[in-house]
$ cat data-v3.cif   # mmCIF, C-alpha atoms
data_data
loop_
_atom_site.label_atom_id
_atom_site.label_comp_id
_atom_site.auth_asym_id
_atom_site.auth_seq_id
_atom_site.Cartn_x
_atom_site.Cartn_y
_atom_site.Cartn_z
CA MET A 941 0.08 -31.33 -37.78
CA PRO A 942 0.11 -28.26 -35.48
CA ARG A 943 3.43 -26.52 -34.93
CA GLY A 944 4.81 -24.30 -32.21
CA VAL A 945 5.45 -26.82 -29.43
CA LEU A 946 6.46 -25.00 -26.24
CA GLY A 947 9.20 -25.93 -23.80
CA ASN A 948 12.76 -27.19 -24.13
CA PHE A 949 11.88 -30.76 -23.22
CA LYS A 950 14.08 -33.77 -23.94
CA SER A 951 11.66 -36.68 -24.31
CA GLU A 952 9.76 -37.29 -27.52
CA ALA A 953 6.57 -37.74 -25.50
CA LEU A 954 6.67 -34.03 -24.61
CA LYS A 955 7.89 -32.80 -28.00
CA THR A 956 5.50 -34.53 -30.41
CA PHE A 957 1.74 -34.75 -30.68
CA PRO A 958 0.25 -38.06 -29.50
CA VAL A 959 -0.78 -40.37 -32.33
CA THR A 960 -4.06 -41.01 -30.51
CA VAL A 961 -5.33 -37.48 -31.18
CA SER A 962 -8.38 -37.52 -33.43
CA VAL A 963 -8.50 -35.73 -36.77
CA ASP A 964 -11.13 -33.31 -35.47
CA ASP A 965 -8.97 -32.35 -32.49
CA LEU A 966 -5.95 -31.88 -34.74
CA ARG A 967 -7.96 -29.47 -36.86
CA ARG A 968 -8.96 -27.53 -33.75
CA LEU A 969 -5.31 -27.24 -32.76
CA GLU A 970 -4.26 -26.16 -36.25
CA LYS A 971 -6.76 -23.29 -36.10
CA LEU A 972 -5.24 -22.17 -32.81
CA GLU A 973 -1.82 -21.81 -34.45
CA ARG A 974 -2.97 -18.46 -35.83
CA THR A 975 -3.21 -16.89 -32.39
CA TYR A 976 -0.59 -16.17 -29.76
CA ASP A 977 -3.20 -15.49 -27.10
CA TYR A 978 -2.66 -18.25 -24.55
CA SER A 979 -5.88 -17.34 -22.76
CA ILE A 980 -7.66 -18.72 -25.84
CA LYS A 981 -5.40 -21.74 -26.25
CA VAL A 982 -5.31 -22.90 -22.63
CA PRO A 983 -8.97 -24.03 -22.38
CA VAL A 984 -8.64 -26.17 -25.50
CA TYR A 985 -5.36 -27.75 -24.41
CA GLU A 986 -6.74 -28.37 -20.92
CA GLU A 987 -9.75 -30.10 -22.42
CA LEU A 988 -7.46 -32.32 -24.49
CA ALA A 989 -5.21 -32.98 -21.50
CA ASP A 990 -8.20 -34.31 -19.58
CA LYS A 991 -9.52 -36.17 -22.62
CA TYR A 992 -6.33 -37.99 -23.61
CA SER A 993 -4.45 -38.08 -20.26
CA HIS A 994 -1.21 -37.60 -22.20
CA PRO A 995 1.84 -35.78 -20.77
CA PHE A 996 2.29 -33.76 -23.96
CA PHE A 997 -0.87 -31.74 -23.35
CA SER A 998 -0.25 -31.43 -19.62
CA ALA A 999 3.24 -30.05 -20.27
CA GLN A 1000 1.99 -27.64 -22.94
CA VAL A 1001 -0.72 -26.31 -20.63
CA GLY A 1002 1.94 -25.81 -17.97
CA CYS A 1003 4.08 -23.74 -20.34
CA MET A 1004 1.14 -21.56 -21.35
CA LEU A 1005 0.01 -21.01 -17.77
CA LEU A 1006 3.55 -20.06 -16.83
CA SER A 1007 3.51 -17.40 -19.57
CA LEU A 1008 0.20 -16.16 -18.14
CA ARG A 1009 1.86 -15.99 -14.69
CA ALA A 1010 -0.49 -18.60 -13.27
CA ASN A 1011 2.54 -20.16 -11.63
CA SER A 1012 0.88 -22.52 -9.17
CA LEU A 1013 -1.42 -23.91 -11.85
CA ALA A 1014 1.53 -24.31 -14.21
CA ILE A 1015 3.49 -26.32 -11.65
CA ARG A 1016 0.46 -28.53 -11.03
CA ARG A 1017 0.21 -29.34 -14.73
CA TRP A 1018 3.93 -30.05 -15.02
CA GLN A 1019 3.75 -32.36 -12.03
CA GLU A 1020 0.84 -34.09 -13.72
CA ALA A 1021 2.96 -34.53 -16.85
CA GLN A 1022 5.81 -35.87 -14.73
CA LEU A 1023 3.55 -38.54 -13.20
CA GLN A 1024 2.15 -39.48 -16.60
CA LEU A 1025 5.68 -39.89 -17.95
CA LYS A 1026 6.54 -42.07 -14.98
CA ASP A 1027 3.59 -44.34 -15.77
CA MET A 1028 4.97 -44.63 -19.31
CA GLY A 1029 8.44 -45.49 -17.99
CA ILE A 1030 9.88 -42.21 -19.29
CA GLN A 1031 11.94 -39.56 -17.52
CA ASP A 1032 12.46 -36.06 -18.89
CA SER A 1033 15.48 -34.41 -17.30
CA SER A 1034 14.48 -30.96 -18.54
CA LEU A 1035 11.03 -31.17 -16.97
CA ASP A 1036 12.50 -32.54 -13.74
CA SER A 1037 15.05 -29.71 -13.56
CA SER A 1038 12.39 -27.07 -14.19
CA LEU A 1039 10.23 -28.46 -11.40
CA ASP A 1040 13.18 -28.70 -9.01
CA LEU A 1041 14.04 -25.08 -9.75
CA LEU A 1042 10.63 -23.41 -9.92
CA ALA A 1043 8.38 -25.36 -7.55
CA PRO A 1044 10.23 -24.38 -4.33
CA GLU A 1045 10.44 -20.73 -5.45
CA PHE A 1046 6.74 -20.49 -6.25
CA GLU A 1047 5.93 -22.21 -2.97
CA ARG A 1048 8.11 -19.70 -1.13
CA VAL A 1049 6.34 -16.77 -2.80
CA ALA A 1050 2.90 -18.24 -2.03
CA TYR A 1051 3.88 -18.80 1.60
CA ALA A 1052 5.16 -15.22 1.85
CA VAL A 1053 1.84 -13.90 0.54
CA LEU A 1054 -0.02 -16.07 3.04
CA THR A 1055 2.17 -14.90 5.90
CA ARG A 1056 1.73 -11.25 4.92
CA SER A 1057 -2.03 -11.67 4.63
CA LYS A 1058 -2.21 -12.74 8.28
CA THR A 1059 -1.17 -9.22 9.28
CA PHE A 1060 -4.15 -7.66 7.49
CA THR A 1061 -7.56 -6.94 8.97
CA PHE A 1062 -10.34 -8.18 6.74
CA SER A 1063 -13.25 -6.82 8.75
CA GLN A 1064 -14.68 -3.55 9.94
CA PRO A 1065 -16.96 -2.48 12.80
CA TRP A 1066 -20.59 -3.34 12.17
CA ARG A 1067 -22.89 -0.52 11.09
CA ASN A 1068 -26.59 -0.51 10.49
CA SER A 1069 -27.33 -0.64 6.77
CA SER A 1070 -29.37 2.55 7.06
CA THR A 1071 -26.14 4.46 7.74
CA HIS A 1072 -24.41 3.23 4.60
CA GLU A 1073 -24.19 5.31 1.47
CA TYR A 1074 -24.88 3.71 -1.89
CA PRO A 1075 -23.34 5.96 -4.56
CA SER A 1076 -24.96 4.03 -7.41
CA LEU A 1077 -28.40 4.84 -6.01
CA SER A 1078 -27.98 8.13 -4.18
CA SER A 1079 -28.36 10.26 -7.33
CA LEU A 1080 -31.83 8.88 -8.12
CA SER A 1081 -34.86 10.70 -6.80
CA LEU A 1082 -38.14 8.92 -6.07
CA SER A 1083 -39.58 10.09 -9.38
CA ARG A 1084 -36.59 8.68 -11.25
CA TYR A 1085 -36.92 5.40 -9.36
CA ASN A 1086 -40.54 5.20 -10.46
CA ALA A 1087 -39.58 6.04 -14.04
CA LEU A 1088 -36.95 3.31 -14.01
CA ARG A 1089 -39.46 0.82 -12.65
CA MET A 1090 -41.99 1.74 -15.33
CA ARG A 1091 -39.37 1.28 -18.05
CA TRP A 1092 -38.52 -2.14 -16.63
CA GLU A 1093 -42.16 -3.19 -16.49
CA ALA A 1094 -42.62 -2.03 -20.08
CA SER A 1095 -39.47 -3.77 -21.32
CA THR A 1096 -39.71 -6.58 -23.84
CA ASP A 1097 -39.31 -10.23 -22.97
CA ALA A 1098 -36.00 -10.29 -24.88
CA ILE A 1099 -34.52 -7.63 -22.59
CA ARG A 1100 -35.74 -9.48 -19.51
CA GLN A 1101 -34.17 -12.70 -20.76
CA ARG A 1102 -30.86 -10.92 -21.31
CA TYR A 1103 -31.00 -9.61 -17.77
CA MET A 1104 -31.70 -13.09 -16.39
CA ARG A 1105 -28.79 -14.56 -18.32
CA ARG A 1106 -26.51 -11.82 -16.98
CA LEU A 1107 -27.74 -12.47 -13.44
CA CYS A 1108 -27.23 -16.19 -13.90
CA ILE A 1109 -23.63 -15.78 -15.13
CA GLU A 1110 -22.70 -13.38 -12.34
CA THR A 1111 -24.17 -15.78 -9.79
CA VAL A 1112 -21.98 -18.69 -10.88
CA HIS A 1113 -18.97 -16.36 -11.07
CA ILE A 1114 -19.52 -15.27 -7.47
CA GLU A 1115 -19.95 -18.88 -6.39
CA ASP A 1116 -16.71 -19.73 -8.24
CA VAL A 1117 -18.36 -22.55 -10.17
CA PHE A 1118 -16.61 -21.40 -13.33
CA LEU A 1119 -15.30 -18.19 -14.87
CA LEU A 1120 -16.01 -17.13 -18.44
CA SER A 1121 -14.08 -14.80 -20.72
CA GLU A 1122 -15.59 -11.35 -21.26
CA SER A 1123 -16.38 -12.09 -24.90
CA SER A 1124 -18.16 -15.29 -23.93
CA VAL A 1125 -20.21 -13.46 -21.29
CA GLU A 1126 -21.36 -10.86 -23.80
CA GLU A 1127 -22.31 -13.53 -26.31
CA LEU A 1128 -24.28 -15.48 -23.72
CA VAL A 1129 -26.14 -12.36 -22.61
CA HIS A 1130 -27.19 -11.40 -26.13
CA ARG A 1131 -27.81 -14.91 -27.47
CA ARG A 1132 -29.38 -18.07 -26.15
CA VAL A 1133 -27.21 -20.39 -24.09
CA THR A 1134 -27.55 -23.21 -26.62
CA ASP A 1135 -26.38 -20.96 -29.48
CA SER A 1136 -23.37 -19.42 -27.73
CA VAL A 1137 -19.71 -20.39 -27.90
CA ILE A 1138 -18.41 -21.07 -24.40
CA VAL A 1139 -14.87 -19.91 -23.64
CA ALA A 1140 -13.77 -20.28 -20.03
CA ALA A 1141 -11.07 -18.07 -18.55
CA PRO A 1142 -7.70 -19.78 -17.85
CA GLN A 1143 -8.23 -19.60 -14.08
CA SER A 1144 -11.70 -21.14 -14.29
CA ALA A 1145 -12.29 -24.27 -12.22
CA LEU A 1146 -14.39 -25.72 -15.05
CA HIS A 1147 -13.72 -25.61 -18.79
CA SER A 1148 -16.13 -28.11 -20.36
CA PRO A 1149 -18.54 -26.11 -22.60
CA GLU A 1150 -21.20 -28.80 -22.29
CA LYS A 1151 -21.11 -28.83 -18.48
CA ILE A 1152 -21.09 -25.02 -18.33
CA LYS A 1153 -24.13 -24.82 -20.61
CA ASN A 1154 -25.95 -27.41 -18.47
CA ILE A 1155 -25.23 -25.41 -15.30
CA LEU A 1156 -26.43 -22.17 -16.90
CA THR A 1157 -29.57 -23.83 -18.24
CA ASP A 1158 -30.41 -25.35 -14.84
CA THR A 1159 -29.77 -22.04 -13.05
CA LEU A 1160 -31.99 -20.16 -15.49
CA ALA A 1161 -34.73 -22.75 -14.98
CA ALA A 1162 -34.45 -22.30 -11.21
CA TYR A 1163 -34.74 -18.52 -11.54
CA GLN A 1164 -37.76 -18.92 -13.79
CA SER A 1165 -39.42 -21.14 -11.18
CA VAL A 1166 -38.91 -18.42 -8.57
CA LEU A 1167 -40.39 -15.79 -10.90
CA ASP A 1168 -43.38 -18.04 -11.62
CA LEU A 1169 -44.01 -18.49 -7.90
CA ALA A 1170 -43.70 -14.74 -7.31
CA ALA A 1171 -46.27 -14.11 -10.04
CA ASP A 1172 -48.64 -16.80 -8.75
CA PRO A 1173 -48.00 -17.78 -5.10
CA SER A 1174 -51.00 -20.09 -5.19
CA ALA A 1175 -48.85 -22.54 -7.14
CA LEU A 1176 -46.90 -23.03 -3.92
CA ILE A 1177 -49.82 -22.76 -1.49
CA GLU A 1178 -51.98 -25.46 -3.09
CA PRO A 1179 -49.40 -28.29 -2.87
CA ALA A 1180 -48.64 -27.23 0.70
CA SER A 1181 -52.33 -27.33 1.58
CA ALA A 1182 -52.69 -30.76 0.04
CA LEU A 1183 -49.74 -31.98 2.07
CA PHE A 1184 -51.25 -30.52 5.25
CA MET A 1185 -54.61 -32.20 4.57
CA ALA A 1186 -52.86 -35.52 4.11
CA PHE A 1187 -51.89 -35.41 7.77
#
$ encode --input "data-v3.cif" --output "structure tokens"
Amino acid sequence: MPRGVLGNFKSEALKTFPVTVSVDDLRRLEKLERTYDYSIKVPVYEELADKYSHPFFSAQVGCMLLSLRANSLAIRRWQEAQLQLKDMGIQDSSLDSSLDLLAPEFERVAYAVLTRSKTFTFSQPWRNSSTHEYPSLSSLSLSRYNALRMRWEASTDAIRQRYMRRLCIETVHIEDVFLLSESSVEELVHRRVTDSVIVAAPQSALHSPEKIKNILTDTLAAYQSVLDLAADPSALIEPASALFMAF
């Protein structure tokens, strides 16, 4: 049975592991006891919180997020644990007191940040793109551009696939679909998606490794379709012509 339960809670439901936890999940938790890095523990505990819908895991995730200074997310998980306890007919005075003390303070801080942000200007006068300087490109002469292009065209398929995986990951990061840890990003870039271990960052909106892999696989397939069309535009023209002739 894993040790190191966080929080000074009163109820047994928040102090002991649920009996419904499978043997495989218990083994996963026991392996995590060797690390004090909550950024590694949080994704696993969040997955179990969603899987078992038990207040123990929700409360533990809240404690870890609080240590990581993800205060708003921590409060949300504690409130989730509070509701789950209520459904079980249990009240934890320690959890209630913590929420009564911390929730208003975190809300006040968040509101202060929002109020302060309204005084900022998040725009600048429009300028034609031709007047902008691009430091990452300005040092390259035309000959060096051509040399870089030739190296890219001569690159192996493995290098191209790594680039596409990197592009795919950065795309979903920008779109805020999910956020991966740096180690997970590097592994995905250098290995196939199906062979990689997925570790989402604590602040990620999605943590399910299976769903993340499916999204990455679908995005890569979409990029490949675009590349195929760029290489052979007739693949797009012929269906369009057939559709036109049908009318």
$ residues_around --input "data-v3.cif" --residues "Leu1119 in chain A" --least-positions-apart "2" --cutoff "8 Å" --atoms "only C-alpha atoms" --output "short mmCIF file (atom, residue, chain, number, x, y, z; two decimals) with C-alpha atoms, in the coordinates of the input"
data_model
loop_
_atom_site.label_atom_id
_atom_site.label_comp_id
_atom_site.auth_asym_id
_atom_site.auth_seq_id
_atom_site.Cartn_x
_atom_site.Cartn_y
_atom_site.Cartn_z
CA VAL A 1112 -21.98 -18.69 -10.88
CA HIS A 1113 -18.97 -16.36 -11.07
CA ASP A 1116 -16.71 -19.73 -8.24
CA VAL A 1117 -18.36 -22.55 -10.17
CA SER A 1121 -14.08 -14.80 -20.72
CA ALA A 1140 -13.77 -20.28 -20.03
CA ALA A 1141 -11.07 -18.07 -18.55
CA GLN A 1143 -8.23 -19.60 -14.08
CA SER A 1144 -11.70 -21.14 -14.29
CA ALA A 1145 -12.29 -24.27 -12.22
CA LEU A 1146 -14.39 -25.72 -15.05
#
$ residues_around --input "data-v3.cif" --residues "range 966-980 of chain A" --least-positions-apart "2" --cutoff "7 Å" --atoms "only C-alpha atoms" --output "number ranges by chain"
A: 941-942, 961-964, 982-983, 1004, 1141-1142
$ atom_distance --input "data-v3.cif" --atom1 "CA of Arg1084 in chain A" --atom2 "CA of His1130 in chain A"
26.7 Å
$ residues_around --input "data-v3.cif" --residues "range 1018-1030 of chain A" --least-positions-apart "5" --cutoff "12 Å" --atoms "only C-alpha atoms" --output "ChimeraX atom specification"
/A:947,949-954,986,989-990,992-1006,1011-1013,1035-1040,1042-1043
$ closest_residue --input "data-v3.cif" --among "A:Thr1096, A:Arg1106, A:Asn1086, A:Ala1010" --to "Tyr1163 in chain A" --atoms "all atoms listed in the file"
A:Arg1106
$ closest_residue --input "data-v3.cif" --among "A:Val945, A:Asp1135, A:Phe1118, A:Tyr985" --to "Ile1152 in chain A" --atoms "only C-alpha atoms"
A:Phe1118
$ closest_residue --input "data-v3.cif" --among "A:Ser1165, A:Lys1151, A:Leu1160, A:Ala1098" --to "Thr1111 in chain A" --atoms "only C-alpha atoms"
A:Leu1160
$ resolve_selection --input "data-v3.cif" --expression "the PyMOL selection byres ((chain A and resi 1137) around 10)" --output "number ranges by chain"
A: 1123-1125, 1127-1128, 1131, 1133-1136, 1138-1140, 1149, 1153
$ atom_distance --input "data-v3.cif" --atom1 "CA of Ser1148 in chain A" --atom2 "CA of Glu987 in chain A"
7.0 Å
$ closest_residue --input "data-v3.cif" --among "A:Asn1068, A:Gln1164, A:Val1053, A:Arg1089" --to "Cys1108 in chain A" --atoms "all atoms listed in the file"
A:Gln1164
$ closest_residue --input "data-v3.cif" --among "A:Ile1114, A:Leu1041, A:Ile1109, A:Ala1050" --to "Ile1155 in chain A" --atoms "all atoms listed in the file"
A:Ile1109
$ atom_distance --input "data-v3.cif" --atom1 "CA of Arg1105 in chain A" --atom2 "CA of Val1129 in chain A"
5.5 Å
$ axis_aligned_box --input "data-v3.cif" --around "range 978-995 of chain A" --padding-each-side "8 Å" --output "AutoDock Vina command-line options"
--center_x -4.0 --center_y -27.7 --center_z -22.9 --size_x 27.6 --size_y 36.7 --size_z 22.7
